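entry20.cif (mmCIF, C-alpha atoms)
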```cif
data_structure
#
loop_
_atom_site.label_atom_id
_atom_site.label_comp_id
_atom_site.auth_asym_id
_atom_site.auth_seq_id
_atom_site.Cartn_x
_atom_site.Cartn_y
_atom_site.Cartn_z
CA MET A 2 18.23 -5.11 -21.37
CA LEU A 3 20.59 -4.90 -18.40
CA LEU A 4 18.89 -1.73 -17.20
CA PHE A 5 15.49 -3.46 -17.45
CA ILE A 6 16.77 -6.33 -15.29
CA VAL A 7 17.99 -3.80 -12.71
CA VAL A 8 14.57 -2.07 -12.80
CA VAL A 9 12.75 -5.37 -12.26
CA LEU A 10 15.05 -6.26 -9.37
CA ALA A 11 14.44 -2.82 -7.83
CA ALA A 12 10.68 -3.27 -8.32
CA VAL A 13 10.84 -6.69 -6.65
CA PHE A 14 12.80 -5.21 -3.75
CA PHE A 15 10.22 -2.40 -3.47
CA GLU A 16 7.45 -5.00 -3.36
CA TYR A 17 9.42 -6.89 -0.74
CA SER A 18 9.77 -3.72 1.35
CA ASN A 19 6.08 -3.08 0.73
CA GLY A 20 5.46 -6.54 2.16
CA PHE A 21 7.18 -5.88 5.48
CA HIS A 22 5.88 -2.31 5.53
CA ASP A 23 2.34 -2.19 4.15
CA ALA A 24 1.25 -5.83 4.11
CA ALA A 25 1.85 -5.93 7.85
CA ASN A 26 -1.14 -3.59 8.10
CA ALA A 27 -3.38 -6.35 6.82
CA ILE A 28 -2.51 -8.70 9.67
CA ALA A 29 -1.61 -6.29 12.49
CA THR A 30 -4.99 -6.42 14.20
CA VAL A 31 -5.52 -10.17 13.95
CA VAL A 32 -2.07 -10.78 15.50
CA SER A 33 -2.51 -8.11 18.15
CA THR A 34 -5.85 -9.57 19.29
CA LYS A 35 -4.18 -13.03 19.45
CA VAL A 36 -6.83 -14.57 17.20
CA LEU A 37 -3.98 -15.90 15.04
CA THR A 38 -0.32 -16.50 15.76
CA PRO A 39 2.14 -14.49 13.66
CA ARG A 40 3.00 -17.59 11.60
CA GLN A 41 -0.67 -18.34 10.89
CA ALA A 42 -1.40 -14.70 10.05
CA ILE A 43 1.53 -14.53 7.61
CA ALA A 44 0.35 -17.68 5.82
CA MET A 45 -3.18 -16.31 5.57
CA ALA A 46 -1.97 -12.90 4.37
CA ALA A 47 0.23 -14.50 1.70
CA VAL A 48 -2.64 -16.60 0.33
CA PHE A 49 -5.23 -13.82 0.25
CA ASN A 50 -2.77 -11.20 -1.01
CA LEU A 51 -2.19 -13.57 -3.92
CA THR A 52 -5.92 -14.00 -4.65
CA GLY A 53 -6.39 -10.24 -4.52
CA ALA A 54 -3.38 -9.55 -6.71
CA LEU A 55 -4.57 -11.93 -9.42
CA LEU A 56 -7.95 -10.21 -9.72
CA GLY A 57 -8.42 -6.97 -11.63
CA GLY A 58 -5.90 -4.50 -12.95
CA ALA A 59 -7.42 -1.04 -12.62
CA VAL A 60 -4.94 0.14 -9.98
CA ALA A 61 -1.95 -1.14 -11.98
CA SER A 62 -3.24 0.79 -15.00
CA THR A 63 -3.55 3.98 -12.96
CA ILE A 64 0.00 3.71 -11.60
CA GLY A 65 1.51 2.76 -14.95
CA LYS A 66 -0.13 5.28 -17.27
CA GLY A 67 -2.70 7.35 -15.39
CA LEU A 68 -0.51 9.74 -13.38
CA VAL A 69 2.19 11.05 -15.74
CA ASP A 70 2.78 11.31 -19.48
CA THR A 71 4.45 8.01 -20.40
CA ASN A 72 6.26 9.70 -23.30
CA VAL A 73 8.70 11.33 -20.85
CA VAL A 74 9.26 8.16 -18.83
CA THR A 75 12.49 6.27 -19.44
CA MET A 76 13.84 3.10 -17.90
CA SER A 77 16.29 5.09 -15.78
CA ALA A 78 13.44 7.34 -14.59
CA VAL A 79 11.48 4.27 -13.43
CA LEU A 80 14.57 3.07 -11.56
CA CYS A 81 15.02 6.45 -9.83
CA ALA A 82 11.34 6.46 -8.82
CA LEU A 83 11.73 3.01 -7.27
CA ILE A 84 14.93 3.95 -5.41
CA SER A 85 13.18 6.99 -3.95
CA ALA A 86 10.21 4.91 -2.76
CA ILE A 87 12.44 2.15 -1.35
CA PHE A 88 14.49 4.68 0.61
CA TRP A 89 11.36 6.19 2.18
CA ASN A 90 9.92 2.73 2.95
CA LEU A 91 13.10 1.68 4.76
CA LEU A 92 13.39 4.97 6.65
CA THR A 93 9.83 4.92 7.97
CA TRP A 94 9.99 1.17 8.66
CA TRP A 95 13.10 1.71 10.78
CA PHE A 96 11.19 4.18 12.93
CA GLY A 97 8.12 1.91 13.03
CA LEU A 98 5.92 4.47 11.25
CA PRO A 99 3.15 3.07 9.03
CA SER A 100 3.59 5.61 6.22
CA SER A 101 2.25 5.03 2.72
CA SER A 102 4.29 2.95 0.28
CA SER A 103 1.68 3.88 -2.32
CA HIS A 104 2.31 7.59 -2.00
CA ALA A 105 6.06 6.98 -1.85
CA LEU A 106 5.87 5.25 -5.23
CA ILE A 107 3.54 7.89 -6.69
CA GLY A 108 5.84 10.67 -5.48
CA GLY A 109 8.80 8.90 -7.05
CA ILE A 110 7.04 8.57 -10.41
CA CYS A 111 6.04 12.23 -10.44
CA GLY A 112 9.51 13.45 -9.44
CA ALA A 113 11.22 11.32 -12.07
CA ALA A 114 8.80 12.46 -14.82
CA LEU A 115 9.26 16.11 -13.84
CA ALA A 116 13.04 15.80 -14.00
CA ASN A 117 12.94 14.12 -17.42
CA ALA A 118 10.61 16.88 -18.65
CA HIS A 119 13.00 19.56 -17.30
CA GLY A 120 10.47 20.83 -14.76
CA ASN A 121 7.50 20.96 -17.15
CA TRP A 122 4.57 20.40 -14.81
CA SER A 123 2.19 19.66 -17.68
CA VAL A 124 3.56 16.08 -17.83
CA LEU A 125 1.67 15.39 -14.61
CA LYS A 126 -1.91 14.27 -15.30
CA TRP A 127 -3.35 16.46 -12.61
CA ASN A 128 -7.04 16.70 -13.58
CA THR A 129 -7.56 13.12 -14.71
CA GLY A 130 -5.17 11.25 -12.43
CA LEU A 131 -3.42 12.92 -9.50
CA TRP A 132 -6.28 15.06 -8.20
CA PRO A 133 -9.20 12.58 -8.35
CA LYS A 134 -7.23 9.39 -7.72
CA VAL A 135 -4.47 10.48 -5.33
CA VAL A 136 -5.02 13.81 -3.58
CA ILE A 137 -8.76 13.58 -2.85
CA PRO A 138 -8.59 9.92 -1.70
CA MET A 139 -5.52 10.79 0.40
CA ILE A 140 -7.75 13.16 2.38
CA THR A 141 -11.10 11.37 2.27
CA SER A 142 -10.03 7.75 2.85
CA PRO A 143 -8.52 8.34 6.32
CA LEU A 144 -11.59 10.35 7.28
CA LEU A 145 -13.86 7.57 6.06
CA GLY A 146 -11.81 5.03 8.01
CA LEU A 147 -12.13 7.12 11.15
CA VAL A 148 -15.88 7.78 10.81
CA ILE A 149 -17.01 4.36 9.55
CA GLY A 150 -14.80 2.55 12.08
CA ALA A 151 -16.33 4.56 14.94
CA LEU A 152 -19.91 4.12 13.63
CA LEU A 153 -19.49 0.36 13.16
CA MET A 154 -18.07 0.08 16.66
CA PHE A 155 -20.97 2.06 18.14
CA LEU A 156 -23.39 -0.22 16.24
CA LEU A 157 -21.70 -3.33 17.60
CA PHE A 158 -21.81 -1.88 21.13
CA ALA A 159 -25.57 -1.36 20.74
CA LEU A 160 -26.18 -4.86 19.36
CA LEU A 161 -24.00 -6.61 21.94
CA ARG A 162 -24.81 -4.59 25.07
CA SER A 163 -26.63 -7.51 26.71
CA SER A 164 -24.09 -10.17 25.68
CA THR A 165 -21.47 -11.57 28.01
CA PRO A 166 -17.78 -10.75 27.42
CA HIS A 167 -17.07 -14.47 26.93
CA PHE A 168 -19.68 -14.72 24.15
CA VAL A 169 -18.43 -11.58 22.41
CA HIS A 170 -14.81 -12.73 22.58
CA ASN A 171 -15.58 -16.18 21.17
CA LEU A 172 -17.89 -14.88 18.43
CA PHE A 173 -15.54 -12.22 17.13
CA GLY A 174 -12.52 -14.47 17.52
CA LYS A 175 -14.14 -16.45 14.68
CA MET A 176 -15.52 -13.43 12.82
CA GLN A 177 -12.12 -11.78 12.78
CA LEU A 178 -10.75 -14.66 10.72
CA LEU A 179 -13.14 -13.58 7.95
CA SER A 180 -12.45 -9.86 8.31
CA ALA A 181 -8.67 -10.40 8.35
CA ALA A 182 -8.87 -12.56 5.22
CA TRP A 183 -10.97 -9.89 3.48
CA MET A 184 -8.52 -7.22 4.55
CA ALA A 185 -5.58 -9.21 3.12
CA HIS A 186 -7.48 -9.88 -0.10
CA SER A 187 -8.42 -6.23 -0.56
CA HIS A 188 -4.80 -5.27 0.18
CA GLY A 189 -3.72 -7.53 -2.68
CA THR A 190 -6.24 -5.96 -5.08
CA ASN A 191 -4.73 -2.53 -4.38
CA ASP A 192 -1.18 -2.54 -3.04
CA ALA A 193 0.26 -5.50 -4.94
CA GLN A 194 -0.96 -3.98 -8.21
CA LYS A 195 1.10 -0.81 -7.79
CA THR A 196 4.37 -2.61 -8.43
CA MET A 197 2.68 -4.55 -11.22
CA GLY A 198 1.92 -1.21 -12.85
CA ILE A 199 5.56 -0.13 -12.52
CA ILE A 200 6.94 -3.35 -14.06
CA THR A 201 4.39 -3.15 -16.89
CA LEU A 202 5.43 0.47 -17.44
CA ALA A 203 9.06 -0.67 -17.62
CA LEU A 204 8.08 -3.35 -20.18
CA PHE A 205 6.22 -0.76 -22.26
CA THR A 206 9.07 1.77 -22.00
CA GLY A 207 11.67 -0.85 -22.88
CA THR A 208 9.68 -2.02 -25.91
CA LYS A 209 9.27 1.57 -27.10
CA ALA A 210 13.01 2.21 -26.71
CA GLY A 211 13.95 -1.01 -28.57
CA SER A 212 15.57 -2.62 -25.53
CA PHE A 213 14.03 -6.01 -26.34
CA ASP A 214 14.65 -6.05 -30.10
CA GLN A 215 17.63 -8.40 -29.81
CA VAL A 216 16.37 -10.75 -27.10
CA PRO A 217 15.99 -14.49 -27.85
CA SER A 218 12.61 -15.72 -29.03
CA TRP A 219 11.87 -17.38 -25.69
CA LEU A 220 11.92 -13.91 -24.12
CA GLY A 221 9.31 -12.64 -26.55
CA PHE A 222 6.85 -12.21 -23.69
CA LEU A 223 8.80 -9.08 -22.70
CA HIS A 224 7.55 -7.19 -25.76
CA THR A 225 4.77 -4.88 -24.62
CA PRO A 226 3.94 -2.45 -27.45
CA VAL A 227 0.71 -1.34 -25.76
CA PHE A 228 0.13 -0.75 -22.05
CA GLY A 229 -2.75 -3.18 -21.65
CA ALA A 230 -3.46 -5.97 -19.20
CA VAL A 231 -0.78 -6.82 -16.64
CA PRO A 232 0.98 -10.08 -17.61
CA VAL A 233 0.17 -13.03 -15.35
CA TRP A 234 3.86 -13.64 -14.56
CA VAL A 235 4.13 -10.07 -13.25
CA LYS A 236 1.07 -10.58 -11.02
CA VAL A 237 2.39 -13.81 -9.53
CA LEU A 238 5.90 -12.39 -9.03
CA CYS A 239 4.59 -9.34 -7.16
CA ALA A 240 2.12 -11.28 -5.03
CA LEU A 241 4.68 -13.88 -3.94
CA THR A 242 7.28 -11.20 -3.24
CA MET A 243 4.85 -9.27 -1.05
CA GLY A 244 4.10 -12.43 0.91
CA ALA A 245 7.80 -13.05 1.49
CA GLY A 246 8.27 -9.46 2.66
CA THR A 247 5.42 -9.80 5.14
CA ALA A 248 7.11 -12.84 6.63
CA ALA A 249 10.42 -11.02 6.90
CA GLY A 250 9.92 -7.92 8.94
CA GLY A 251 6.46 -6.52 9.46
CA TRP A 252 6.53 -6.72 13.21
CA ARG A 253 7.68 -3.13 13.84
CA ILE A 254 4.57 -1.86 12.04
CA ILE A 255 2.36 -4.44 13.75
CA ARG A 256 3.53 -3.25 17.18
CA THR A 257 2.72 0.37 16.29
CA LEU A 258 -0.72 -0.35 14.83
CA GLY A 259 -1.83 -3.16 17.12
CA HIS A 260 -0.31 -2.25 20.47
CA LYS A 261 0.93 1.32 20.69
CA MET A 262 -2.05 3.23 19.26
CA VAL A 263 -4.84 1.44 21.13
CA LYS A 264 -5.32 -1.90 22.87
CA LEU A 265 -7.49 -4.15 20.71
CA GLN A 266 -9.87 -7.02 21.40
CA PRO A 267 -11.28 -9.31 18.66
CA VAL A 268 -14.47 -7.25 18.29
CA HIS A 269 -12.40 -4.09 17.74
CA GLY A 270 -10.13 -5.90 15.28
CA PHE A 271 -13.18 -7.12 13.36
CA ALA A 272 -14.62 -3.60 13.15
CA ALA A 273 -11.33 -2.04 12.02
CA GLU A 274 -10.56 -4.71 9.41
CA THR A 275 -14.09 -4.73 8.00
CA THR A 276 -14.06 -0.95 7.68
CA ALA A 277 -10.67 -0.87 5.99
CA ALA A 278 -11.42 -3.78 3.65
CA LEU A 279 -14.69 -2.18 2.50
CA ILE A 280 -12.99 1.13 1.67
CA ILE A 281 -9.97 -0.46 -0.04
CA GLN A 282 -12.08 -2.87 -2.11
CA THR A 283 -14.26 -0.01 -3.34
CA ALA A 284 -11.21 2.05 -4.26
CA SER A 285 -9.63 -0.88 -6.13
CA HIS A 286 -12.78 -1.27 -8.23
CA TRP A 287 -12.41 2.33 -9.41
CA GLY A 288 -8.66 2.10 -10.02
CA ILE A 289 -7.74 4.34 -7.07
CA PRO A 290 -4.25 3.55 -5.66
CA LEU A 291 -5.30 3.98 -2.07
CA SER A 292 -3.00 3.99 0.92
CA THR A 293 -3.95 0.88 2.87
CA THR A 294 -1.83 2.30 5.69
CA HIS A 295 -3.97 5.41 5.97
CA VAL A 296 -7.18 3.43 5.94
CA ILE A 297 -6.37 0.71 8.47
CA SER A 298 -4.61 3.17 10.79
CA THR A 299 -7.55 5.56 10.97
CA SER A 300 -10.01 2.66 11.18
CA ILE A 301 -8.16 1.46 14.28
CA VAL A 302 -8.19 5.00 15.68
CA GLY A 303 -11.94 5.32 14.99
CA VAL A 304 -12.65 1.99 16.67
CA GLY A 305 -10.41 2.88 19.62
CA ALA A 306 -12.01 6.30 20.04
CA ALA A 307 -15.48 4.70 20.09
CA LYS A 308 -14.25 2.31 22.75
CA ARG A 309 -12.64 4.99 24.90
CA PHE A 310 -11.43 8.33 23.49
CA SER A 311 -8.65 8.63 26.04
CA GLY A 312 -7.49 5.10 25.21
CA VAL A 313 -5.98 6.27 21.93
CA LYS A 314 -2.36 7.37 22.23
CA TRP A 315 -2.65 10.55 20.18
CA GLY A 316 1.08 11.28 20.28
CA ILE A 317 1.72 8.15 18.20
CA VAL A 318 -1.09 9.17 15.82
CA GLU A 319 0.51 12.60 15.38
CA ARG A 320 3.87 11.05 14.38
CA ILE A 321 2.08 8.88 11.80
CA VAL A 322 0.24 11.90 10.35
CA TRP A 323 3.51 13.80 9.92
CA ALA A 324 4.98 10.79 8.07
CA TRP A 325 1.97 10.86 5.74
CA ILE A 326 2.33 14.59 5.07
CA PHE A 327 6.00 14.36 4.14
CA THR A 328 5.79 11.21 1.98
CA LEU A 329 4.73 12.73 -1.36
CA PRO A 330 6.96 15.84 -1.37
CA VAL A 331 10.06 14.03 -0.03
CA THR A 332 9.88 11.11 -2.49
CA THR A 333 9.12 13.49 -5.38
CA LEU A 334 12.20 15.56 -4.52
CA ILE A 335 14.47 12.51 -4.10
CA ALA A 336 13.45 11.03 -7.46
CA PHE A 337 13.81 14.42 -9.17
CA VAL A 338 17.36 14.82 -7.83
CA LEU A 339 18.31 11.23 -8.72
CA VAL A 340 17.18 11.65 -12.34
CA ARG A 341 19.07 14.96 -12.65
CA ILE A 342 22.21 13.31 -11.29
CA ALA A 343 21.82 10.44 -13.77
CA GLN A 344 21.44 12.94 -16.63
CA ASN A 345 24.75 14.65 -15.82
#
```
Here is a file; write its structure as structure tokens.
Amino acid sequence: MLLFIVVVLAAVFFEYSNGFHDAANAIATVVSTKVLTPRQAIAMAAVFNLTGALLGGAVASTIGKGLVDTNVVTMSAVLCALISAIFWNLLTWWFGLPSSSSHALIGGICGAALANAHGNWSVLKWNTGLWPKVVIPMITSPLLGLVIGALLMFLLFALLRSSTPHFVHNLFGKMQLLSAAWMAHSHGTNDAQKTMGIITLALFTGTKAGSFDQVPSWLGFLHTPVFGAVPVWVKVLCALTMGAGTAAGGWRIIRTLGHKMVKLQPVHGFAAETTAALIIQTASHWGIPLSTTHVISTSIVGVGAAKRFSGVKWGIVERIVWAWIFTLPVTTLIAFVLVRIAQN
């Protein structure tokens, strides 16, 4: 029981770090374009992350039981996976790099499962989980963000070519409120559910191991003999924690996405947010744990390139890409080593 409490606390801290790391992506553009103040954007993100988190559960199911064989997952393995992901989140946040918390968590789960299985790679659900729901989307979603963002921006240029700058600024200052809310909502349907999946996996693992056999009757809700729907209390806990994390420290990421890569106006923010929200919402429907970081970052790059190719600071983009490349292997290795240390 004590180990379960530690796991839940680690999961909450991961969700908190996800809040100031990934949830900042959802509001970076609307803050950078000055359509909303940081305080207003945080309040909006918290509300719509909550609505998104409370709807659906396909992504949580994928994270909890769709990537590795749950028979080799123990409570300590879940804890090591979370520690690995938290470490990577904090490291990349410190350097202001919008890397993927999703892939950090996935890498941690895979590394911990591999260590518990003594290096038996068959415990990874490659054909049904990792390949179609992690690797392929990891490649295609940034490309879609780049292409769709650029195409939408070109379309808006064509439609608005005879409009005055004042009209465009006022119109999309209002329209961006809608796109930012949709982006925050879609972020909740995908990112918030990843930690929900981990906590539900811990509940299932603890029940299977008999950790909750002696708990008082009022804690009966902890018993999870079957990995089914995510409990409502888990959804609310994760959503509220993500909102608190966003309020705490997302401004390093916001500066990178909203200021350093390309200078944004409301029309560009609208195009980037709409593109990202569309892709993320579609992925959530199919249970794909997408990297919201990848999608919004490349959407911004696509919009910026359509505006003026030379306006994109490609050196910053290159640093972000390298952070993406290293996320999965580094977090897998860290979790693997942590589990092996715990076994000795």
(request) Identify all residues satisfying the PyMOL selection byres ((chain A and resi 152-169) around 9) in the given file; provide them as a ChimeraX atom specification. (result) /A:147-151,170-174,267-269,272-273,276,303-305,307-308
Judged by only C-alpha atoms, the minimum distance to Trp89 in chain A among A:Leu106, A:Val74, A:Val235, A:Leu4 is found for A:Leu106
task = Using only C-alpha atoms, find the one residue out of A:Ala44, A:Ala230, A:Ala306, A:Ile199 that sits nearest to Ile107 in chain A.
result =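 For Ile107 in chain A, the nearest of the candidates is A:Ile199.
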For the provided coordinates, the residues matched by the PyMOL selection byres ((chain A and resi 56-73) around 7) should be stated as a PDB file with C-alpha atoms, in the coordinates of the input.
```pdb
ATOM      1  CA  THR A  52      -5.920 -14.000  -4.650  1.00  0.00           C
ATOM      2  CA  GLY A  53      -6.390 -10.240  -4.520  1.00  0.00           C
ATOM      3  CA  ALA A  54      -3.380  -9.550  -6.710  1.00  0.00           C
ATOM      4  CA  LEU A  55      -4.570 -11.930  -9.420  1.00  0.00           C
ATOM      5  CA  VAL A  74       9.260   8.160 -18.830  1.00  0.00           C
ATOM      6  CA  THR A  75      12.490   6.270 -19.440  1.00  0.00           C
ATOM      7  CA  CYS A 111       6.040  12.230 -10.440  1.00  0.00           C
ATOM      8  CA  ALA A 114       8.800  12.460 -14.820  1.00  0.00           C
ATOM      9  CA  ASN A 117      12.940  14.120 -17.420  1.00  0.00           C
ATOM     10  CA  ALA A 118      10.610  16.880 -18.650  1.00  0.00           C
ATOM     11  CA  VAL A 124       3.560  16.080 -17.830  1.00  0.00           C
ATOM     12  CA  LEU A 125       1.670  15.390 -14.610  1.00  0.00           C
ATOM     13  CA  LYS A 126      -1.910  14.270 -15.300  1.00  0.00           C
ATOM     14  CA  GLY A 130      -5.170  11.250 -12.430  1.00  0.00           C
ATOM     15  CA  LEU A 131      -3.420  12.920  -9.500  1.00  0.00           C
ATOM     16  CA  THR A 190      -6.240  -5.960  -5.080  1.00  0.00           C
ATOM     17  CA  ASN A 191      -4.730  -2.530  -4.380  1.00  0.00           C
ATOM     18  CA  GLN A 194      -0.960  -3.980  -8.210  1.00  0.00           C
ATOM     19  CA  LYS A 195       1.100  -0.810  -7.790  1.00  0.00           C
ATOM     20  CA  MET A 197       2.680  -4.550 -11.220  1.00  0.00           C
ATOM     21  CA  GLY A 198       1.920  -1.210 -12.850  1.00  0.00           C
ATOM     22  CA  ILE A 199       5.560  -0.130 -12.520  1.00  0.00           C
ATOM     23  CA  THR A 201       4.390  -3.150 -16.890  1.00  0.00           C
ATOM     24  CA  LEU A 202       5.430   0.470 -17.440  1.00  0.00           C
ATOM     25  CA  ALA A 230      -3.460  -5.970 -19.200  1.00  0.00           C
ATOM     26  CA  VAL A 231      -0.780  -6.820 -16.640  1.00  0.00           C
ATOM     27  CA  SER A 285      -9.630  -0.880  -6.130  1.00  0.00           C
ATOM     28  CA  HIS A 286     -12.780  -1.270  -8.230  1.00  0.00           C
ATOM     29  CA  TRP A 287     -12.410   2.330  -9.410  1.00  0.00           C
ATOM     30  CA  GLY A 288      -8.660   2.100 -10.020  1.00  0.00           C
ATOM     31  CA  ILE A 289      -7.740   4.340  -7.070  1.00  0.00           C
ATOM     32  CA  PRO A 290      -4.250   3.550  -5.660  1.00  0.00           C
TER      33      PRO A 290
END
```
Atom pair CA of Lys209 in chain A + CA of Val227 in chain A, distance 9.1 Å
Could you add the missing atoms to range 31-52 of chain A, up to N, CA, C and O atoms, and return them as a JSON list (two decimals), keeping the file's coordinate frame?
```json
[["chain", "number", "residue", "atom", "x", "y", "z"],
["A", 31, "VAL", "N", -5.21, -8.78, 13.62],
["A", 31, "VAL", "CA", -5.52, -10.17, 13.95],
["A", 31, "VAL", "C", -4.41, -10.80, 14.79],
["A", 31, "VAL", "O", -4.64, -11.71, 15.60],
["A", 32, "VAL", "N", -3.17, -10.32, 14.65],
["A", 32, "VAL", "CA", -2.07, -10.78, 15.50],
["A", 32, "VAL", "C", -2.17, -10.14, 16.88],
["A", 32, "VAL", "O", -1.99, -10.80, 17.91],
["A", 33, "SER", "N", -2.47, -8.84, 16.89],
["A", 33, "SER", "CA", -2.51, -8.11, 18.15],
["A", 33, "SER", "C", -3.63, -8.60, 19.07],
["A", 33, "SER", "O", -3.49, -8.57, 20.29],
["A", 34, "THR", "N", -4.74, -9.05, 18.47],
["A", 34, "THR", "CA", -5.85, -9.57, 19.29],
["A", 34, "THR", "C", -5.66, -11.04, 19.65],
["A", 34, "THR", "O", -6.49, -11.62, 20.34],
["A", 35, "LYS", "N", -4.54, -11.63, 19.15],
["A", 35, "LYS", "CA", -4.18, -13.03, 19.45],
["A", 35, "LYS", "C", -5.18, -14.04, 18.89],
["A", 35, "LYS", "O", -5.26, -15.18, 19.37],
["A", 36, "VAL", "N", -5.95, -13.63, 17.87],
["A", 36, "VAL", "CA", -6.83, -14.57, 17.20],
["A", 36, "VAL", "C", -6.01, -15.55, 16.36],
["A", 36, "VAL", "O", -6.33, -16.73, 16.26],
["A", 37, "LEU", "N", -4.91, -15.05, 15.78],
["A", 37, "LEU", "CA", -3.98, -15.90, 15.04],
["A", 37, "LEU", "C", -2.57, -15.66, 15.55],
["A", 37, "LEU", "O", -2.25, -14.57, 16.01],
["A", 38, "THR", "N", -1.75, -16.69, 15.46],
["A", 38, "THR", "CA", -0.32, -16.50, 15.76],
["A", 38, "THR", "C", 0.32, -15.77, 14.58],
["A", 38, "THR", "O", -0.23, -15.76, 13.47],
["A", 39, "PRO", "N", 1.47, -15.16, 14.79],
["A", 39, "PRO", "CA", 2.14, -14.49, 13.66],
["A", 39, "PRO", "C", 2.35, -15.41, 12.46],
["A", 39, "PRO", "O", 2.14, -15.01, 11.32],
["A", 40, "ARG", "N", 2.75, -16.64, 12.70],
["A", 40, "ARG", "CA", 3.00, -17.59, 11.60],
["A", 40, "ARG", "C", 1.71, -17.87, 10.82],
["A", 40, "ARG", "O", 1.70, -17.90, 9.59],
["A", 41, "GLN", "N", 0.61, -18.08, 11.54],
["A", 41, "GLN", "CA", -0.67, -18.34, 10.89],
["A", 41, "GLN", "C", -1.14, -17.12, 10.10],
["A", 41, "GLN", "O", -1.65, -17.24, 8.98],
["A", 42, "ALA", "N", -0.96, -15.94, 10.70],
["A", 42, "ALA", "CA", -1.40, -14.70, 10.05],
["A", 42, "ALA", "C", -0.61, -14.44, 8.77],
["A", 42, "ALA", "O", -1.17, -14.00, 7.76],
["A", 43, "ILE", "N", 0.70, -14.72, 8.80],
["A", 43, "ILE", "CA", 1.53, -14.53, 7.61],
["A", 43, "ILE", "C", 1.07, -15.47, 6.50],
["A", 43, "ILE", "O", 0.95, -15.05, 5.33],
["A", 44, "ALA", "N", 0.81, -16.72, 6.83],
["A", 44, "ALA", "CA", 0.35, -17.68, 5.82],
["A", 44, "ALA", "C", -0.97, -17.23, 5.21],
["A", 44, "ALA", "O", -1.16, -17.27, 3.99],
["A", 45, "MET", "N", -1.89, -16.79, 6.06],
["A", 45, "MET", "CA", -3.18, -16.31, 5.57],
["A", 45, "MET", "C", -3.02, -15.08, 4.69],
["A", 45, "MET", "O", -3.62, -14.97, 3.61],
["A", 46, "ALA", "N", -2.19, -14.13, 5.14],
["A", 46, "ALA", "CA", -1.97, -12.90, 4.37],
["A", 46, "ALA", "C", -1.36, -13.21, 3.01],
["A", 46, "ALA", "O", -1.75, -12.61, 2.00],
["A", 47, "ALA", "N", -0.42, -14.15, 2.96],
["A", 47, "ALA", "CA", 0.23, -14.50, 1.70],
["A", 47, "ALA", "C", -0.78, -15.08, 0.71],
["A", 47, "ALA", "O", -0.80, -14.71, -0.47],
["A", 48, "VAL", "N", -1.64, -15.96, 1.20],
["A", 48, "VAL", "CA", -2.64, -16.60, 0.33],
["A", 48, "VAL", "C", -3.63, -15.57, -0.20],
["A", 48, "VAL", "O", -3.89, -15.50, -1.42],
["A", 49, "PHE", "N", -4.18, -14.75, 0.68],
["A", 49, "PHE", "CA", -5.23, -13.82, 0.25],
["A", 49, "PHE", "C", -4.67, -12.59, -0.45],
["A", 49, "PHE", "O", -5.37, -11.96, -1.25],
["A", 50, "ASN", "N", -3.41, -12.22, -0.18],
["A", 50, "ASN", "CA", -2.77, -11.20, -1.01],
["A", 50, "ASN", "C", -2.64, -11.70, -2.44],
["A", 50, "ASN", "O", -2.82, -10.94, -3.40],
["A", 51, "LEU", "N", -2.34, -12.99, -2.59],
["A", 51, "LEU", "CA", -2.19, -13.57, -3.92],
["A", 51, "LEU", "C", -3.52, -13.58, -4.65],
["A", 51, "LEU", "O", -3.60, -13.20, -5.82],
["A", 52, "THR", "N", -4.60, -13.99, -3.98],
["A", 52, "THR", "CA", -5.92, -14.00, -4.65],
["A", 52, "THR", "C", -6.33, -12.59, -5.05],
["A", 52, "THR", "O", -6.88, -12.38, -6.13]]
```
